[in-house]
Number of protein chains: 2
Amino acid sequence: MSSERPAVAVVGLGLIGGSLALRLSQSGYPVTAYDTDRLTREEATAAGLDCAVSLPGLLKAVPDGGIVVLSVPLPVLVDLLPVTAEHTATSVTVTDTASVKSPVRAAAVAAGLASRFVGAHPMAGTTDSGFGNADPTMLDAARWVVALEQDTDVRRWLQVAALITSIDGTVAPATSVAHDQAVAWISHLPHVLAEALAAGAPSELALGLAAGSFRDATRVALTRPELVAAMLTGNADAVGHSLDVLIAALQEARSGIGNGGVGSLIADGYAVRSDWPRSADRLVPMTIDIAAADAVQQLLVLGAAGGYVVSIERGQLTGLTSPGSQPQ
Amino acid sequence: MSSERPAVAVVGLGLIGGSLALRLSQSGYPVTAYDTDRLTREEATAAGLDCAVSLPGLLKAVPDGGIVVLSVPLPVLVDLLPVTAEHTATSVTVTDTASVKSPVRAAAVAAGLASRFVGAHPMAGTTDSGFGNADPTMLDAARWVVALEQDTDVRRWLQVAALITSIDGTVAPATSVAHDQAVAWISHLPHVLAEALAAGAPSELALGLAAGSFRDATRVALTRPELVAAMLTGNADAVGHSLDVLIAALQEARSGIGNGGVGSLIADGYAVRSDWPRSADRLVPMTIDIAAADAVQQLLVLGAAGGYVVSIERGQLTGLTSPGSQPQ
């Protein structure tokens with residue numbers, strides 16, 4: 001596990017897996033790849049990727065200390081985890097790119113991968129999909145969450161995080177539960193609202209008058225319906241909780257709309273949005289001793305403060321965090 | 001009222017009023033203008049507009065068959081309508097540019113202007129304001145709603161609509177109530193949702209991970225809070241109704257989220273958004289005989305179908321509408 005450029009096997013060559021495989025390959029990683037779709041494999045081979053013709057073959061060939069990235073839709077991922085457990089050496093670390101982390105973690109534990117699974121989620125993507133849209137620059141500067149629990153093997157976590165920072169990604173450490181709650185609000189809830197706003201448009205007149213506000217508020221309703229369904233179903237508990245909170249806020253707004261009672265909601269919304277995104281130049285650098293007994297705790301404090309890891313090199317982890325939130 | 005270029009008096013030289021006055025003047029209309037602010041009047045005069053120094057003076061000088069455009073904030077508008085009624089000849093048509101139409105119509109009726117008021121709303125604007133930002137090209141190709149009720153004087157409605165089409169605007173005919181419901185959904189509701197999404201962000205982690213979905217869904221929360229408050233308060237009834245409908249849809253989504261019950265919402269949202277905006281080349285031309293006894297009804301059918309008027313010349317009204325929605 002000490003290699004600076006471990007072997008990486010990417011399973012699933014869609015938009016994310018394809019982009020990741022291309023970028024890792026460009027960065028000098030020994031990359032092998034697989035997709036169930038023959039035409040996709042041919043496209044990927046034509047793009048310079050070393051594609052295996054069978055999944056067990058790909059997995060068995062991953063050398064000690066290598067990394068397997070499972071970049072497939074959630075239902076497929078649940079099926080792939082036991083296959084991956086069966087055909088890889090125990091020194092191989094397994095990660096994924098799914099947009100929900102608790103269910104994946106549970107499936108990894110069930111597949112016997114508890115000790116060597118480290119889930120990840122790149123906060124990137126477009127409404128396009130497929131290898132045809134893959135682009136090695138798509139993940140440039142992407143923020144990733146790499147899931148970290150109290151019992152995570154820190155060496156494996158660092159291996160996955162270092163893979164990401166080496167291709168210019170940044171890494172927020174967070175528990176699977178915290179990740180799922182965060183993305184439910186900032187990603188999945190906007191999808192539900194976009195669908196409801198679009199589906200509920202009251203008239204052709206309204207659609208004819210609709211302009212920028214409607215366009216932006218409904219943009220993500222252009223996402224393929226099966227992807228939205230999978231996203232919401234996969235994170236059902238956290239999305240349900242977020243919807244409860246939002247509905248309560250809207251009910252309060254509704255009761256205040258005729259009597260000036262929405263002023264505080266508007267003031268709060270304006271304040272939060274005006275201060276977002278956080279400018280990186282307001283953040284301060286910090287380091288974590290990755291050999292420390294409380295390294296996991298320090299990393300989780302970093303993530304909870306909105307901070308993230310920017311590099312992991314030769315045992316030195318450097319992050320950026322907001323002033324005042326630094327662990328002492 | 002037969003002149004192709006009636007005299008137009010513009011009251012209120014902010015972003016919309018200023019842009020409109022400049023454009024009408026360029027197009028050869030005899031334009032007079034007024035703003036309560038002396039410096040604004042000086043700016044407007046320097047830009048070539050013929051500014052009156054008193055509002056009663058401006059109004060009294062509008063010749064028979066002229067048009068008064070009141071382009072001021074809603075509370076000011078309510079005060080200006082009786083003043084306009086007092087100082088203009090009964091042959092003068094009065095219109096406005098406010099973003100809500102039912103309350104303005106009620107105020108016009110109360111001011112004794114029922115028979116000669118025709119409300120209008122240009123679906124245009126930026127987050128800027130003031131004459132300093134006015135631009136004669138700002139309203140180019142803008143879609144306007146010109147409010148039309150069963151008892152509207154059609155000749156006056158056509159006069160206002162023709163003013164707009166003569167400067168390259170298009171005109172959707174709609175009742176004040178239909179207009180207010182439409183803009184409540186496609187403009188005001190997105191503002192409420194943006195505020196609630198921003199204000200409710202659950203953690204620094206969430207704000208740190210937020211990307212495109214959150215950015216677009218909350219963009220309009222950057223609007224100045226007092227403008228959002230005025231917008232929601234001004235259209236309180238329709239916004240309240242829209243919130244009721246949206247909350248019910250979200251409650252249904254919430255109960256379906258764990259059991260695949262959001263599929264139809266997602267399918268509907270995708271279908272509507274994928275088919276929006278309507279491409280003009282899918283619309284078909286149609287004409288309306290403006291002398292017909294049911295001209296009001298035909299115009300309302302056009303607007304309800306998402307269609308609009310593109311020109312009114314020598315008694316010939318030409319519109320664009322969706323195939324199959326043409327009144328027979």
# chains A, B, ... in the order shown; residues from 1 in each chain; ligands from 1

$ select_by_dssp --residues "region 18-209 of chain B" --states "helix (DSSP H, G or I)" --output "ChimeraX atom specification"
/B:18-26,38-46,55-60,74-87,102-110,131-133,154-165,176-199,204-209

$ calpha_fit_rmsd --fixed "chain A" --moving "chain B"
0.9 Å

$ interface_residues --of "chain B" --to "chain A" --cutoff "7 Å" --atoms "only C-alpha atoms" --output "PyMOL selection string"
chain B and resi 123+182-183+185-187+190+195-196+198-199+201-202+204-206+208-210+213-214+216-217+220-222+225+229+232-233+236+240+243+246-247+249+254+257-258+260+263+265-270+272-274+303-306

$ closest_atom_pairs --of "region 125-182 of chain B" --to "region 12-24 of chain B" --cutoff "12 Å" --atoms "only C-alpha atoms" --output "CSV"
residue,atom,partner,partner_atom,distance
B:Gly125,CA,B:Ile16,CA,7.1
B:Thr126,CA,B:Leu15,CA,8.6
B:Thr127,CA,B:Leu15,CA,9.8
B:Asp128,CA,B:Leu15,CA,7.5
B:Ser129,CA,B:Leu15,CA,5.0
B:Gly130,CA,B:Gly14,CA,4.2
B:Phe131,CA,B:Gly14,CA,4.7
B:Gly132,CA,B:Leu15,CA,7.7
B:Asn133,CA,B:Leu15,CA,6.0
B:Ala134,CA,B:Ser19,CA,4.6
B:Asp135,CA,B:Ser19,CA,4.8
B:Pro136,CA,B:Arg23,CA,4.4
B:Thr137,CA,B:Arg23,CA,7.0
B:Met138,CA,B:Ser19,CA,6.5
B:Leu139,CA,B:Leu20,CA,7.2
B:Asp140,CA,B:Arg23,CA,9.1
B:Ala142,CA,B:Leu20,CA,11.3
B:Leu163,CA,B:Leu24,CA,8.5
B:Ile164,CA,B:Leu24,CA,9.3
B:Thr165,CA,B:Leu24,CA,11.3
B:Ser166,CA,B:Leu24,CA,9.0
B:Ile167,CA,B:Leu24,CA,7.1
B:Asp168,CA,B:Arg23,CA,10.3
B:Gly169,CA,B:Leu20,CA,11.0

$ select_by_dssp --residues "region 67-314 of chain B" --states "strand (DSSP E)" --output "MDAnalysis selection string"
chainID B and resid 67:70 93:96 120:122 143:147 170:174 284:289 308:313

$ atom_distance --atom1 "CA of Asp96 (chain A)" --atom2 "CA of Cys51 (chain A)"
18.4 Å

$ residues_around --residues "Gly319 (chain A)" --least-positions-apart "5" --cutoff "6 Å" --atoms "only C-alpha atoms" --output "list in words"
Pro285, Met286, Thr287, Tyr308, Val309 and Val310 of chain A

$ decode --residues "region 93-127 of chain A" --atoms "N, CA and C atoms" --output "compact mmCIF listing (two decimals), in the first residue's frame"
# COMPACT_ATOMS: atom_id res chain seq x y z
N THR A 93 -7.93 -2.43 -1.64
CA THR A 93 -8.93 -1.53 -1.07
C THR A 93 -10.05 -1.31 -2.09
N VAL A 94 -11.28 -1.32 -1.58
CA VAL A 94 -12.43 -1.17 -2.48
C VAL A 94 -13.12 0.16 -2.18
N THR A 95 -13.40 0.93 -3.22
CA THR A 95 -14.13 2.18 -3.06
C THR A 95 -15.23 2.26 -4.12
N ASP A 96 -16.00 3.32 -4.08
CA ASP A 96 -17.11 3.47 -5.01
C ASP A 96 -17.31 4.96 -5.28
N THR A 97 -18.27 5.29 -6.12
CA THR A 97 -18.55 6.70 -6.41
C THR A 97 -20.03 7.02 -6.27
N ALA A 98 -20.77 6.16 -5.58
CA ALA A 98 -22.22 6.36 -5.50
C ALA A 98 -22.56 7.60 -4.68
N SER A 99 -23.72 8.18 -4.98
CA SER A 99 -24.10 9.45 -4.37
C SER A 99 -24.74 9.28 -2.99
N VAL A 100 -24.78 8.04 -2.48
CA VAL A 100 -25.30 7.80 -1.15
C VAL A 100 -24.32 6.85 -0.46
N LYS A 101 -24.10 7.04 0.81
CA LYS A 101 -23.02 6.28 1.44
C LYS A 101 -23.48 5.27 2.50
N SER A 102 -24.52 5.55 3.27
CA SER A 102 -24.91 4.58 4.31
C SER A 102 -25.35 3.24 3.73
N PRO A 103 -26.23 3.23 2.73
CA PRO A 103 -26.64 1.93 2.18
C PRO A 103 -25.47 1.17 1.55
N VAL A 104 -24.54 1.88 0.95
CA VAL A 104 -23.39 1.22 0.32
C VAL A 104 -22.51 0.62 1.41
N ARG A 105 -22.34 1.38 2.48
CA ARG A 105 -21.53 0.86 3.58
C ARG A 105 -22.15 -0.42 4.14
N ALA A 106 -23.47 -0.41 4.32
CA ALA A 106 -24.15 -1.59 4.85
C ALA A 106 -23.96 -2.78 3.91
N ALA A 107 -24.05 -2.52 2.61
CA ALA A 107 -23.87 -3.60 1.63
C ALA A 107 -22.44 -4.12 1.64
N ALA A 108 -21.48 -3.21 1.84
CA ALA A 108 -20.07 -3.62 1.88
C ALA A 108 -19.80 -4.50 3.11
N VAL A 109 -20.39 -4.10 4.22
CA VAL A 109 -20.24 -4.91 5.44
C VAL A 109 -20.85 -6.29 5.22
N ALA A 110 -22.04 -6.32 4.61
CA ALA A 110 -22.72 -7.60 4.35
C ALA A 110 -21.90 -8.48 3.41
N ALA A 111 -21.13 -7.85 2.53
CA ALA A 111 -20.32 -8.60 1.57
C ALA A 111 -18.98 -9.02 2.16
N GLY A 112 -18.76 -8.72 3.43
CA GLY A 112 -17.51 -9.11 4.07
C GLY A 112 -16.36 -8.16 3.78
N LEU A 113 -16.68 -6.96 3.32
CA LEU A 113 -15.63 -6.00 2.95
C LEU A 113 -15.41 -4.92 4.01
N ALA A 114 -16.03 -5.09 5.20
CA ALA A 114 -15.99 -4.02 6.20
C ALA A 114 -14.60 -3.45 6.40
N SER A 115 -13.60 -4.30 6.49
CA SER A 115 -12.27 -3.82 6.86
C SER A 115 -11.55 -3.15 5.70
N ARG A 116 -12.01 -3.35 4.47
CA ARG A 116 -11.25 -2.79 3.35
C ARG A 116 -12.09 -1.96 2.37
N PHE A 117 -13.29 -1.61 2.81
CA PHE A 117 -14.11 -0.73 1.98
C PHE A 117 -14.05 0.70 2.50
N VAL A 118 -13.84 1.65 1.58
CA VAL A 118 -13.84 3.08 1.91
C VAL A 118 -14.68 3.77 0.83
N GLY A 119 -15.89 4.15 1.17
CA GLY A 119 -16.78 4.74 0.17
C GLY A 119 -16.41 6.16 -0.17
N ALA A 120 -16.66 6.55 -1.41
CA ALA A 120 -16.36 7.92 -1.86
C ALA A 120 -17.49 8.44 -2.73
N HIS A 121 -17.56 9.75 -2.84
CA HIS A 121 -18.59 10.38 -3.67
C HIS A 121 -18.07 11.70 -4.22
N PRO A 122 -17.83 11.76 -5.53
CA PRO A 122 -17.42 13.03 -6.14
C PRO A 122 -18.63 13.93 -6.34
N MET A 123 -18.52 15.19 -5.86
CA MET A 123 -19.61 16.14 -6.05
C MET A 123 -19.46 16.77 -7.42
N ALA A 124 -19.72 15.99 -8.44
CA ALA A 124 -19.53 16.46 -9.81
C ALA A 124 -20.49 15.68 -10.68
N GLY A 125 -20.60 16.09 -11.90
CA GLY A 125 -21.48 15.40 -12.83
C GLY A 125 -22.28 16.41 -13.59
N THR A 126 -22.88 15.93 -14.64
CA THR A 126 -23.72 16.79 -15.47
C THR A 126 -25.01 16.01 -15.70
N THR A 127 -25.91 16.59 -16.45
CA THR A 127 -27.12 15.84 -16.78
C THR A 127 -26.85 14.84 -17.90
